[in-house]
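*Asks:* Before I ask anything, here is the structure I am working with.
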Amino acid sequence: MRGGPELVAFWAQLGSVVDLVAGVALAGVGTGISVLVAQADRLERQRGILRESLRLGVATSAPVMLAVAAVALVFPEHVAGGLPGPLIALAAVVGCVAVVPGMVNGYWLGQQRRDLMLILAFGSAGVQLAAALAAPQRDVLVFLTLALALPALALMFVFPWARSPISPDRDRDRGLRRYLLPGLTIGVLTPLAAVAARDIVSAAMSWHAVGLLQALWRVSDWVGNVAAGVMAVHFLPRLAAAHGTPRFAAELKRAAFVTILPSGLALAVLGVFQRPIFALLYDESFVISDAAVTLFFAGTFARIASWLPLYALYAMRRTRSLVIGEFFSMPLFAALLAAYPGPLALESAGALWLAAYAGYGLFNLWAVRRAA
């Protein structure tokens, strides 16, 4: 509302920088901690897993932070759409700091402490909203980026024992390290592919079109984030605990009934009322054709459906399949955009979005059935 489609596009690019640095830890170890904590039988062992995850997470994201910051300061015109180098470097630092609340959230998820997860989510969202409302117009992006680091500072006082020395535990260390490779793959490829996809759309169309694309993703994320939250918060610990038992298949079927079917209905409703929704959330300049909305929402439905076997692979610790499958998601979408032979439009981008995530879902389903 404060800057139109262009500001939406630039904030999305900065968000991808934060996700790139934090994601190398959170996409792998951040999910692995939930699985291992759910399977741990003693509180002290759970705390040891959290301490180890923080150590591994920061150690993994810090080199990426330094690399991104260095490239941004030396070659700002080639990173994130030409945003100022210091701003991109700030986003990289904040991404490393964001590892802390991400790991704590994974720890609580393994314990199924949904009350504490909800408090963290509301607190983080409240800080972001306050920053968006209070920031001077010229500093909105700076304030929003800094707001992402505040939850980590608060959690340092909540978990003083998390800074204590780590007792040696080879099984725990090996268990978390299994998730390093998928974390590096998913955490690097997805944000980089998202940045590349926006750059391709901006070059082929305009940054205004990138803002429309980001608005489509954000609105459909209402449904996707709720579905992913239910899969992660409720079903991932249950799948991890049920792995290797007959209950595993039953949990998968129940998760599909609870998440995928309602997601399809919700996306259909959003598609029907898309014009007033975009006008209410943004402004009258966010005009998107019905065909583009339908294709992108159909692709988001395929994306949500692909996440259920993805979480099953996490619970089964099939890290090799996680790494291979990542190439069929956002990176495939960016590659399809780059290889598209004709004039690019939002409708054709939507068709490529649907094709990429249909392939991703089929691969994940095949990997689960092969591992079962």
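Residue names in the structure tokens use chain letters A, B, ... in the order shown, residue numbers from 1 in each chain, and ligand numbers from 1 in the order shown.
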So which residues touch region 125-135 of chain A within 7 Å, counting only C-alpha atoms, skipping near sequence neighbours fewer than 6 positions away, as an MDAnalysis selection string?

*Replies:* chainID A and resid 143:144 147

*Asks:* Which polymer residues have any atom within 9 Å of an atom of Phe235 (chain A), counting only C-alpha atoms, with same-chain residues fewer than 5 positions away left out, as JSON, numbers by chain?

*Replies:* {"A": [230, 240, 251, 252, 255, 311]}

*Asks:* Would you export the selected residues with all heavy atoms as a JSON list (two decimals), in the first residue's frame, please?

*Replies:*
[["chain", "number", "residue", "atom", "x", "y", "z"],
["A", 230, "VAL", "N", 0.20, -26.73, 8.96],
["A", 230, "VAL", "CA", -0.46, -27.92, 9.50],
["A", 230, "VAL", "C", 0.39, -29.16, 9.25],
["A", 230, "VAL", "O", 0.55, -30.02, 10.13],
["A", 230, "VAL", "CB", -1.87, -28.09, 8.87],
["A", 230, "VAL", "CG1", -2.50, -29.41, 9.32],
["A", 230, "VAL", "CG2", -2.76, -26.92, 9.26],
["A", 240, "ALA", "N", 7.30, -38.55, 11.90],
["A", 240, "ALA", "CA", 8.62, -38.97, 12.39],
["A", 240, "ALA", "C", 8.49, -40.07, 13.43],
["A", 240, "ALA", "O", 9.26, -41.05, 13.43],
["A", 240, "ALA", "CB", 9.36, -37.76, 12.98],
["A", 251, "GLU", "N", -1.16, -41.96, 8.71],
["A", 251, "GLU", "CA", -0.92, -40.54, 8.97],
["A", 251, "GLU", "C", -0.84, -39.75, 7.67],
["A", 251, "GLU", "O", -1.33, -38.63, 7.58],
["A", 251, "GLU", "CB", 0.37, -40.36, 9.78],
["A", 251, "GLU", "CG", 0.29, -40.83, 11.22],
["A", 251, "GLU", "CD", -0.60, -39.94, 12.08],
["A", 251, "GLU", "OE1", -0.98, -38.84, 11.63],
["A", 251, "GLU", "OE2", -0.92, -40.35, 13.20],
["A", 252, "LEU", "N", -0.21, -40.34, 6.65],
["A", 252, "LEU", "CA", -0.13, -39.66, 5.36],
["A", 252, "LEU", "C", -1.51, -39.44, 4.76],
["A", 252, "LEU", "O", -1.82, -38.35, 4.24],
["A", 252, "LEU", "CB", 0.74, -40.48, 4.40],
["A", 252, "LEU", "CG", 2.24, -40.22, 4.40],
["A", 252, "LEU", "CD1", 2.93, -41.13, 3.41],
["A", 252, "LEU", "CD2", 2.55, -38.76, 4.07],
["A", 255, "ALA", "N", -3.28, -36.72, 6.67],
["A", 255, "ALA", "CA", -2.72, -35.41, 6.35],
["A", 255, "ALA", "C", -3.22, -34.91, 5.01],
["A", 255, "ALA", "O", -3.52, -33.72, 4.84],
["A", 255, "ALA", "CB", -1.19, -35.48, 6.36],
["A", 311, "TYR", "N", 7.43, -33.72, 3.23],
["A", 311, "TYR", "CA", 7.56, -33.90, 4.68],
["A", 311, "TYR", "C", 7.70, -35.37, 5.05],
["A", 311, "TYR", "O", 8.38, -35.71, 6.03],
["A", 311, "TYR", "CB", 6.36, -33.27, 5.40],
["A", 311, "TYR", "CG", 6.47, -31.77, 5.54],
["A", 311, "TYR", "CD1", 5.63, -30.91, 4.84],
["A", 311, "TYR", "CD2", 7.44, -31.21, 6.37],
["A", 311, "TYR", "CE1", 5.74, -29.54, 4.96],
["A", 311, "TYR", "CE2", 7.55, -29.83, 6.50],
["A", 311, "TYR", "CZ", 6.70, -29.00, 5.79],
["A", 311, "TYR", "OH", 6.82, -27.63, 5.91]]

*Asks:* Env of Arg178 (chain A): 10 Å cut, atoms = only C-alpha atoms, seq-sep filter 4 positions within chain, self excluded. Answer as a short mmCIF file (atom, residue, chain, number, x, y, z; two decimals) with N, CA, C and O atoms, in the first residue's frame.

*Replies:*
data_model
loop_
_atom_site.label_atom_id
_atom_site.label_comp_id
_atom_site.auth_asym_id
_atom_site.auth_seq_id
_atom_site.Cartn_x
_atom_site.Cartn_y
_atom_site.Cartn_z
N GLY A 28 17.33 -27.51 6.15
CA GLY A 28 17.83 -28.86 6.45
C GLY A 28 17.86 -29.13 7.93
O GLY A 28 17.02 -29.85 8.47
N VAL A 29 18.84 -28.55 8.64
CA VAL A 29 18.98 -28.76 10.07
C VAL A 29 17.75 -28.25 10.81
O VAL A 29 17.32 -28.85 11.81
N GLY A 32 15.41 -30.99 10.49
CA GLY A 32 15.95 -32.17 11.15
C GLY A 32 15.83 -32.11 12.66
O GLY A 32 15.59 -33.13 13.31
N ASP A 173 24.96 -35.71 16.80
CA ASP A 173 25.71 -34.92 15.82
C ASP A 173 25.54 -35.50 14.42
O ASP A 173 25.30 -34.79 13.46
N ARG A 174 25.65 -36.82 14.32
CA ARG A 174 25.51 -37.48 13.02
C ARG A 174 24.09 -37.32 12.49
O ARG A 174 23.87 -37.13 11.29
N PRO A 182 20.78 -31.50 2.26
CA PRO A 182 19.52 -30.97 1.74
C PRO A 182 19.28 -29.52 2.14
O PRO A 182 18.68 -28.75 1.38
N GLY A 183 19.76 -29.12 3.33
CA GLY A 183 19.61 -27.72 3.73
C GLY A 183 20.38 -26.80 2.81
O GLY A 183 19.88 -25.75 2.39
N ARG A 317 13.98 -39.49 6.68
CA ARG A 317 15.40 -39.14 6.59
C ARG A 317 15.98 -39.52 5.21
O ARG A 317 17.16 -39.92 5.11
N ARG A 318 15.17 -39.38 4.17
CA ARG A 318 15.64 -39.67 2.81
C ARG A 318 16.26 -38.41 2.23
O ARG A 318 15.69 -37.74 1.37
N THR A 319 17.44 -38.06 2.74
CA THR A 319 18.05 -36.78 2.39
C THR A 319 18.49 -36.72 0.92
O THR A 319 18.49 -35.65 0.32
N ARG A 320 18.89 -37.84 0.35
CA ARG A 320 19.30 -37.83 -1.05
C ARG A 320 18.14 -37.47 -1.96
O ARG A 320 18.29 -36.67 -2.90
#

*Asks:* What separation in Å, quoted to one decimal, exists between CA of Ala72 (chain A) and CA of Thr190 (chain A)?

*Replies:*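 Between CA of Ala72 (chain A) and CA of Thr190 (chain A) the gap is 18.7 Å.
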
*Asks:* Can you tell me which residues surround Gly102 (chain A) at a distance of at most 7 Å, considering only C-alpha atoms, apart from same-chain residues fewer than 3 positions away, and format the answer as a ChimeraX atom specification?

*Replies:* /A:26,30,98-99,105-106

*Asks:* Restricting it to C-alpha atoms, dump the selection as an mmCIF file, in the first residue's frame.

*Replies:*
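And here is the file that came out, selection19.cif:
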data_model
loop_
_atom_site.group_PDB
_atom_site.id
_atom_site.type_symbol
_atom_site.label_atom_id
_atom_site.label_comp_id
_atom_site.auth_asym_id
_atom_site.auth_seq_id
_atom_site.Cartn_x
_atom_site.Cartn_y
_atom_site.Cartn_z
ATOM 1 C CA LEU A 26 16.756 -23.911 8.346
ATOM 2 C CA GLY A 30 15.980 -26.604 10.996
ATOM 3 C CA ALA A 98 17.318 -15.367 11.724
ATOM 4 C CA VAL A 99 18.772 -18.863 12.118
ATOM 5 C CA ASN A 105 10.842 -22.883 16.328
ATOM 6 C CA GLY A 106 11.998 -26.298 15.074
#

*Asks:* Smallest atom-to-atom distance to Leu346 (chain A): which of A:Leu153, A:Leu181, A:Leu54, A:Ile288, using only C-alpha atoms?

*Replies:*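 The closest residue to Leu346 (chain A) is A:Ile288.
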
*Asks:* If you count only C-alpha atoms, which residues fall within 9 Å of Arg47 (chain A), apart from same-chain ones fewer than 2 positions away, as a tab-separated table (two decimals) with all heavy atoms, in the first residue's frame?

*Replies:*
chain	number	residue	atom	x	y	z
A	37	VAL	N	14.14	-34.17	17.80
A	37	VAL	CA	13.54	-33.85	19.10
A	37	VAL	C	12.28	-34.67	19.33
A	37	VAL	O	12.02	-35.14	20.44
A	37	VAL	CB	13.25	-32.33	19.19
A	37	VAL	CG1	12.35	-32.02	20.39
A	37	VAL	CG2	14.55	-31.55	19.30
A	42	ARG	N	14.39	-37.76	26.36
A	42	ARG	CA	14.75	-37.00	27.55
A	42	ARG	C	14.91	-35.53	27.22
A	42	ARG	O	15.39	-35.18	26.15
A	42	ARG	CB	16.06	-37.54	28.16
A	42	ARG	CG	15.94	-38.94	28.75
A	42	ARG	CD	17.27	-39.41	29.35
A	42	ARG	NE	18.29	-39.62	28.33
A	42	ARG	CZ	19.34	-38.83	28.15
A	42	ARG	NH1	19.50	-37.74	28.88
A	42	ARG	NH2	20.23	-39.11	27.21
A	43	LEU	N	14.52	-34.66	28.18
A	43	LEU	CA	14.60	-33.22	27.97
A	43	LEU	C	16.04	-32.77	27.75
A	43	LEU	O	16.30	-31.92	26.89
A	43	LEU	CB	13.99	-32.49	29.17
A	43	LEU	CG	14.04	-30.95	29.11
A	43	LEU	CD1	13.28	-30.44	27.89
A	43	LEU	CD2	13.49	-30.35	30.40
A	44	GLU	N	16.96	-33.33	28.51
A	44	GLU	CA	18.36	-32.92	28.36
A	44	GLU	C	18.88	-33.27	26.97
A	44	GLU	O	19.65	-32.51	26.38
A	44	GLU	CB	19.22	-33.59	29.43
A	44	GLU	CG	20.67	-33.15	29.40
A	44	GLU	CD	20.84	-31.62	29.46
A	44	GLU	OE1	20.08	-30.96	30.20
A	44	GLU	OE2	21.73	-31.10	28.75
A	45	ARG	N	18.45	-34.41	26.44
A	45	ARG	CA	18.87	-34.77	25.08
A	45	ARG	C	18.26	-33.80	24.06
A	45	ARG	O	18.92	-33.41	23.10
A	45	ARG	CB	18.45	-36.20	24.77
A	45	ARG	CG	18.86	-36.65	23.37
A	45	ARG	CD	18.64	-38.14	23.18
A	45	ARG	NE	18.88	-38.55	21.81
A	45	ARG	CZ	20.09	-38.76	21.29
A	45	ARG	NH1	21.17	-38.59	22.05
A	45	ARG	NH2	20.23	-39.14	20.04
A	49	ILE	N	20.24	-31.32	21.43
A	49	ILE	CA	19.96	-31.24	19.99
A	49	ILE	C	19.80	-29.78	19.56
A	49	ILE	O	20.30	-29.36	18.51
A	49	ILE	CB	18.71	-32.06	19.64
A	49	ILE	CG1	18.99	-33.55	19.86
A	49	ILE	CG2	18.29	-31.82	18.19
A	49	ILE	CD1	17.75	-34.43	19.77
A	50	LEU	N	19.12	-28.97	20.39
A	50	LEU	CA	18.96	-27.56	20.06
A	50	LEU	C	20.31	-26.85	20.05
A	50	LEU	O	20.60	-26.08	19.12
A	50	LEU	CB	18.02	-26.88	21.07
A	50	LEU	CG	17.88	-25.36	20.91
A	50	LEU	CD1	17.36	-24.99	19.52
A	50	LEU	CD2	16.97	-24.79	22.00
A	51	ARG	N	21.15	-27.09	21.07
A	51	ARG	CA	22.46	-26.43	21.10
A	51	ARG	C	23.29	-26.82	19.87
A	51	ARG	O	23.94	-25.98	19.26
A	51	ARG	CB	23.19	-26.82	22.39
A	51	ARG	CG	22.64	-26.16	23.65
A	51	ARG	CD	23.59	-26.31	24.82
A	51	ARG	NE	23.69	-27.69	25.26
A	51	ARG	CZ	22.95	-28.24	26.23
A	51	ARG	NH1	22.03	-27.49	26.84
A	51	ARG	NH2	23.11	-29.49	26.58
A	52	GLU	N	23.26	-28.10	19.53
A	52	GLU	CA	24.02	-28.55	18.37
A	52	GLU	C	23.46	-27.94	17.08
A	52	GLU	O	24.22	-27.56	16.18
A	52	GLU	CB	23.98	-30.07	18.29
A	52	GLU	CG	24.71	-30.66	17.09
A	52	GLU	CD	26.20	-30.42	17.13
A	52	GLU	OE1	26.73	-30.07	18.21
A	52	GLU	OE2	26.86	-30.57	16.09
A	107	TYR	N	12.75	-26.64	17.35
A	107	TYR	CA	12.83	-27.31	18.65
A	107	TYR	C	11.44	-27.43	19.27
A	107	TYR	O	11.03	-28.51	19.74
A	107	TYR	CB	13.78	-26.52	19.53
A	107	TYR	CG	13.84	-26.93	20.98
A	107	TYR	CD1	14.51	-28.08	21.37
A	107	TYR	CD2	13.27	-26.12	21.96
A	107	TYR	CE1	14.60	-28.44	22.71
A	107	TYR	CE2	13.35	-26.47	23.30
A	107	TYR	CZ	14.01	-27.62	23.67
A	107	TYR	OH	14.09	-27.97	24.99
A	161	TRP	N	20.45	-21.29	28.60
A	161	TRP	CA	21.18	-22.56	28.61
A	161	TRP	C	21.59	-22.99	27.21
A	161	TRP	O	22.44	-23.87	27.06
A	161	TRP	CB	20.35	-23.66	29.26
A	161	TRP	CG	18.95	-23.79	28.72
A	161	TRP	CD1	17.81	-23.26	29.23
A	161	TRP	CD2	18.56	-24.50	27.54
A	161	TRP	NE1	16.72	-23.60	28.46
A	161	TRP	CE2	17.16	-24.36	27.42
A	161	TRP	CE3	19.24	-25.25	26.59
A	161	TRP	CZ2	16.45	-24.93	26.38
A	161	TRP	CZ3	18.53	-25.82	25.55
A	161	TRP	CH2	17.15	-25.66	25.45
A	162	ALA	N	20.98	-22.41	26.17
A	162	ALA	CA	21.34	-22.80	24.80
A	162	ALA	C	22.76	-22.35	24.44
A	162	ALA	O	23.33	-22.84	23.47
A	162	ALA	CB	20.34	-22.21	23.80

*Asks:* At what distance in Å, to one decimal, does CA of Leu116 (chain A) lie from CA of Val140 (chain A)?

*Replies:*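 Separation of CA of Val140 (chain A) and CA of Leu116 (chain A): 28.9 Å.
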
*Asks:* Which is closest to Gly187 (chain A) among A:Ala27, A:Ala367, A:Met330, A:Ala358, if we use only C-alpha atoms?

*Replies:*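 Among A:Ala27, A:Ala367, A:Met330, A:Ala358, it is A:Ala27 that comes nearest to Gly187 (chain A).
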
*Asks:* Which is closest to Ser321 (chain A) among A:Phe286, A:Phe296, A:Tyr179, A:Phe248, if we use only C-alpha atoms?

*Replies:* A:Tyr179

*Asks:* What lies within 8 Å of Pro331 (chain A) using only C-alpha atoms, ignoring chain neighbours under 6 positions off, as a list in words?

*Replies:* Leu189, Thr190, Ala193 and Ala194 of chain A

*Asks:* How far is it from CA of Ser124 (chain A) to CA of Pro151 (chain A), in Å with one decimal?

*Replies:*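 That distance, rounded to one decimal, is 6.2 Å.
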
*Asks:* From the set A:Ala335, A:Leu212, A:Ile324, A:Ala152, which residue has the shortest atom-to-atom contact distance to Glu284 (chain A), counting only C-alpha atoms?

*Replies:*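 Closest residue, counting only C-alpha atoms: A:Leu212.
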
*Asks:* Looking at only C-alpha atoms, which of A:Gln39, A:Leu120, A:Gly110, A:Gly359 is the one that sits closest to Ala305 (chain A)?

*Replies:*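 Checking each candidate against Ala305 (chain A), we get A:Gly359 as the closest.
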
*Asks:* Name all residues at most 12 Å from Gln13 (chain A) (count only C-alpha atoms; drop same-chain ones fewer than 5 positions away) and give them as a PDB file with N, CA, C and O atoms, in the first residue's frame.

*Replies:*
ATOM      1  N   GLU A   6       6.263  -1.965  -7.521  1.00  0.00           N
ATOM      2  CA  GLU A   6       7.722  -1.960  -7.525  1.00  0.00           C
ATOM      3  C   GLU A   6       8.294  -2.207  -6.132  1.00  0.00           C
ATOM      4  O   GLU A   6       9.244  -2.991  -5.956  1.00  0.00           O
ATOM      5  N   LEU A   7       7.729  -1.550  -5.106  1.00  0.00           N
ATOM      6  CA  LEU A   7       8.209  -1.763  -3.747  1.00  0.00           C
ATOM      7  C   LEU A   7       7.948  -3.200  -3.300  1.00  0.00           C
ATOM      8  O   LEU A   7       8.776  -3.808  -2.603  1.00  0.00           O
ATOM      9  N   VAL A   8       6.812  -3.754  -3.694  1.00  0.00           N
ATOM     10  CA  VAL A   8       6.520  -5.158  -3.390  1.00  0.00           C
ATOM     11  C   VAL A   8       7.586  -6.057  -3.990  1.00  0.00           C
ATOM     12  O   VAL A   8       8.086  -6.999  -3.348  1.00  0.00           O
ATOM     13  N   VAL A  18      17.496 -12.794   2.534  1.00  0.00           N
ATOM     14  CA  VAL A  18      17.399 -13.306   3.909  1.00  0.00           C
ATOM     15  C   VAL A  18      17.170 -14.814   3.888  1.00  0.00           C
ATOM     16  O   VAL A  18      17.813 -15.566   4.633  1.00  0.00           O
ATOM     17  N   ASP A  19      16.263 -15.271   3.035  1.00  0.00           N
ATOM     18  CA  ASP A  19      15.970 -16.707   2.944  1.00  0.00           C
ATOM     19  C   ASP A  19      17.181 -17.499   2.469  1.00  0.00           C
ATOM     20  O   ASP A  19      17.379 -18.642   2.894  1.00  0.00           O
ATOM     21  N   LEU A  20      17.968 -16.916   1.574  1.00  0.00           N
ATOM     22  CA  LEU A  20      19.151 -17.608   1.070  1.00  0.00           C
ATOM     23  C   LEU A  20      20.127 -17.903   2.200  1.00  0.00           C
ATOM     24  O   LEU A  20      20.617 -19.034   2.338  1.00  0.00           O
ATOM     25  N   VAL A  79      23.048  -8.095  -8.172  1.00  0.00           N
ATOM     26  CA  VAL A  79      22.419  -8.850  -7.089  1.00  0.00           C
ATOM     27  C   VAL A  79      21.058  -8.236  -6.773  1.00  0.00           C
ATOM     28  O   VAL A  79      20.948  -7.036  -6.562  1.00  0.00           O
ATOM     29  N   ALA A  80      20.029  -9.081  -6.745  1.00  0.00           N
ATOM     30  CA  ALA A  80      18.696  -8.675  -6.277  1.00  0.00           C
ATOM     31  C   ALA A  80      18.175  -7.432  -6.977  1.00  0.00           C
ATOM     32  O   ALA A  80      17.672  -6.497  -6.349  1.00  0.00           O
ATOM     33  N   GLY A  81      18.302  -7.403  -8.275  1.00  0.00           N
ATOM     34  CA  GLY A  81      17.682  -6.334  -9.042  1.00  0.00           C
ATOM     35  C   GLY A  81      18.338  -4.986  -8.901  1.00  0.00           C
ATOM     36  O   GLY A  81      17.700  -3.956  -9.127  1.00  0.00           O
ATOM     37  N   GLY A  82      19.612  -4.942  -8.528  1.00  0.00           N
ATOM     38  CA  GLY A  82      20.307  -3.673  -8.437  1.00  0.00           C
ATOM     39  C   GLY A  82      19.967  -2.856  -7.209  1.00  0.00           C
ATOM     40  O   GLY A  82      20.177  -1.634  -7.198  1.00  0.00           O
ATOM     41  N   LEU A  83      19.459  -3.464  -6.141  1.00  0.00           N
ATOM     42  CA  LEU A  83      19.227  -2.748  -4.892  1.00  0.00           C
ATOM     43  C   LEU A  83      20.566  -2.282  -4.321  1.00  0.00           C
ATOM     44  O   LEU A  83      21.625  -2.835  -4.645  1.00  0.00           O
ATOM     45  N   PRO A  84      20.578  -1.262  -3.451  1.00  0.00           N
ATOM     46  CA  PRO A  84      21.846  -0.771  -2.896  1.00  0.00           C
ATOM     47  C   PRO A  84      22.629  -1.890  -2.203  1.00  0.00           C
ATOM     48  O   PRO A  84      22.066  -2.696  -1.447  1.00  0.00           O
ATOM     49  N   LEU A  87      22.281  -2.336   1.613  1.00  0.00           N
ATOM     50  CA  LEU A  87      20.993  -2.891   2.011  1.00  0.00           C
ATOM     51  C   LEU A  87      20.971  -4.409   1.815  1.00  0.00           C
ATOM     52  O   LEU A  87      20.451  -5.158   2.651  1.00  0.00           O
ATOM     53  N   ILE A  88      21.561  -4.883   0.720  1.00  0.00           N
ATOM     54  CA  ILE A  88      21.637  -6.330   0.484  1.00  0.00           C
ATOM     55  C   ILE A  88      22.539  -6.982   1.524  1.00  0.00           C
ATOM     56  O   ILE A  88      22.237  -8.069   2.043  1.00  0.00           O
ATOM     57  N   ALA A  91      20.644  -7.375   4.681  1.00  0.00           N
ATOM     58  CA  ALA A  91      19.731  -8.519   4.600  1.00  0.00           C
ATOM     59  C   ALA A  91      20.475  -9.837   4.811  1.00  0.00           C
ATOM     60  O   ALA A  91      19.952 -10.770   5.429  1.00  0.00           O
ATOM     61  N   ALA A  92      21.708  -9.911   4.324  1.00  0.00           N
ATOM     62  CA  ALA A  92      22.510 -11.125   4.520  1.00  0.00           C
ATOM     63  C   ALA A  92      22.828 -11.336   5.998  1.00  0.00           C
ATOM     64  O   ALA A  92      22.747 -12.453   6.514  1.00  0.00           O
ATOM     65  N   LEU A 141      12.271  -0.300   3.561  1.00  0.00           N
ATOM     66  CA  LEU A 141      12.970  -1.567   3.360  1.00  0.00           C
ATOM     67  C   LEU A 141      14.002  -1.818   4.465  1.00  0.00           C
ATOM     68  O   LEU A 141      14.172  -2.956   4.918  1.00  0.00           O
ATOM     69  N   THR A 145      13.738  -4.959   7.152  1.00  0.00           N
ATOM     70  CA  THR A 145      14.843  -5.917   7.241  1.00  0.00           C
ATOM     71  C   THR A 145      15.347  -6.036   8.673  1.00  0.00           C
ATOM     72  O   THR A 145      15.560  -7.149   9.179  1.00  0.00           O
ATOM     73  N   PRO A 191      15.878 -19.765  -2.907  1.00  0.00           N
ATOM     74  CA  PRO A 191      15.942 -18.293  -2.948  1.00  0.00           C
ATOM     75  C   PRO A 191      16.649 -17.755  -4.189  1.00  0.00           C
ATOM     76  O   PRO A 191      16.212 -16.759  -4.781  1.00  0.00           O
ATOM     77  N   LEU A 192      17.765 -18.392  -4.613  1.00  0.00           N
ATOM     78  CA  LEU A 192      18.444 -17.932  -5.810  1.00  0.00           C
ATOM     79  C   LEU A 192      17.546 -18.064  -7.035  1.00  0.00           C
ATOM     80  O   LEU A 192      17.513 -17.181  -7.901  1.00  0.00           O
ATOM     81  N   ALA A 193      16.813 -19.172  -7.111  1.00  0.00           N
ATOM     82  CA  ALA A 193      15.908 -19.355  -8.237  1.00  0.00           C
ATOM     83  C   ALA A 193      14.785 -18.327  -8.215  1.00  0.00           C
ATOM     84  O   ALA A 193      14.346 -17.848  -9.266  1.00  0.00           O
ATOM     85  N   ALA A 194      14.304 -17.976  -7.016  1.00  0.00           N
ATOM     86  CA  ALA A 194      13.258 -16.953  -6.916  1.00  0.00           C
ATOM     87  C   ALA A 194      13.777 -15.597  -7.375  1.00  0.00           C
ATOM     88  O   ALA A 194      13.092 -14.856  -8.102  1.00  0.00           O
ATOM     89  N   VAL A 195      15.005 -15.251  -6.957  1.00  0.00           N
ATOM     90  CA  VAL A 195      15.623 -13.998  -7.420  1.00  0.00           C
ATOM     91  C   VAL A 195      15.783 -14.021  -8.935  1.00  0.00           C
ATOM     92  O   VAL A 195      15.477 -13.042  -9.633  1.00  0.00           O
ATOM     93  N   ALA A 196      16.267 -15.160  -9.463  1.00  0.00           N
ATOM     94  CA  ALA A 196      16.460 -15.272 -10.912  1.00  0.00           C
ATOM     95  C   ALA A 196      15.137 -15.167 -11.655  1.00  0.00           C
ATOM     96  O   ALA A 196      15.054 -14.511 -12.704  1.00  0.00           O
ATOM     97  N   ALA A 197      14.089 -15.802 -11.125  1.00  0.00           N
ATOM     98  CA  ALA A 197      12.781 -15.754 -11.788  1.00  0.00           C
ATOM     99  C   ALA A 197      12.271 -14.318 -11.861  1.00  0.00           C
ATOM    100  O   ALA A 197      11.751 -13.881 -12.898  1.00  0.00           O
ATOM    101  N   ARG A 198      12.425 -13.564 -10.761  1.00  0.00           N
ATOM    102  CA  ARG A 198      11.968 -12.168 -10.782  1.00  0.00           C
ATOM    103  C   ARG A 198      12.803 -11.345 -11.749  1.00  0.00           C
ATOM    104  O   ARG A 198      12.269 -10.466 -12.453  1.00  0.00           O
ATOM    105  N   ASP A 199      14.105 -11.585 -11.799  1.00  0.00           N
ATOM    106  CA  ASP A 199      14.949 -10.844 -12.749  1.00  0.00           C
ATOM    107  C   ASP A 199      14.556 -11.152 -14.193  1.00  0.00           C
ATOM    108  O   ASP A 199      14.543 -10.256 -15.049  1.00  0.00           O
ATOM    109  N   SER A 202      11.359  -9.352 -14.894  1.00  0.00           N
ATOM    110  CA  SER A 202      11.572  -7.907 -15.012  1.00  0.00           C
ATOM    111  C   SER A 202      12.207  -7.555 -16.352  1.00  0.00           C
ATOM    112  O   SER A 202      11.875  -6.528 -16.960  1.00  0.00           O
ATOM    113  N   TRP A 207       9.334  -4.411 -13.892  1.00  0.00           N
ATOM    114  CA  TRP A 207       9.254  -4.613 -12.455  1.00  0.00           C
ATOM    115  C   TRP A 207       7.810  -4.502 -11.977  1.00  0.00           C
ATOM    116  O   TRP A 207       7.454  -5.054 -10.932  1.00  0.00           O
ATOM    117  N   VAL A 210       6.683  -7.895 -12.141  1.00  0.00           N
ATOM    118  CA  VAL A 210       7.237  -8.665 -11.021  1.00  0.00           C
ATOM    119  C   VAL A 210       6.400  -8.436  -9.768  1.00  0.00           C
ATOM    120  O   VAL A 210       6.147  -9.369  -8.985  1.00  0.00           O
ATOM    121  N   GLY A 211       5.961  -7.203  -9.550  1.00  0.00           N
ATOM    122  CA  GLY A 211       5.090  -6.917  -8.413  1.00  0.00           C
ATOM    123  C   GLY A 211       3.781  -7.682  -8.491  1.00  0.00           C
ATOM    124  O   GLY A 211       3.274  -8.178  -7.475  1.00  0.00           O
ATOM    125  N   GLN A 214       4.567 -11.266  -7.640  1.00  0.00           N
ATOM    126  CA  GLN A 214       4.758 -11.433  -6.201  1.00  0.00           C
ATOM    127  C   GLN A 214       3.432 -11.361  -5.461  1.00  0.00           C
ATOM    128  O   GLN A 214       3.214 -12.079  -4.475  1.00  0.00           O
TER     129      GLN A 214
END

*Asks:* Measuring atom to atom with only C-alpha atoms, identify which of A:Ala154, A:Leu146, A:Ala38, A:Leu213 is nearest to Leu109 (chain A).

*Replies:*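 For Leu109 (chain A), the nearest of the given residues is A:Ala38.
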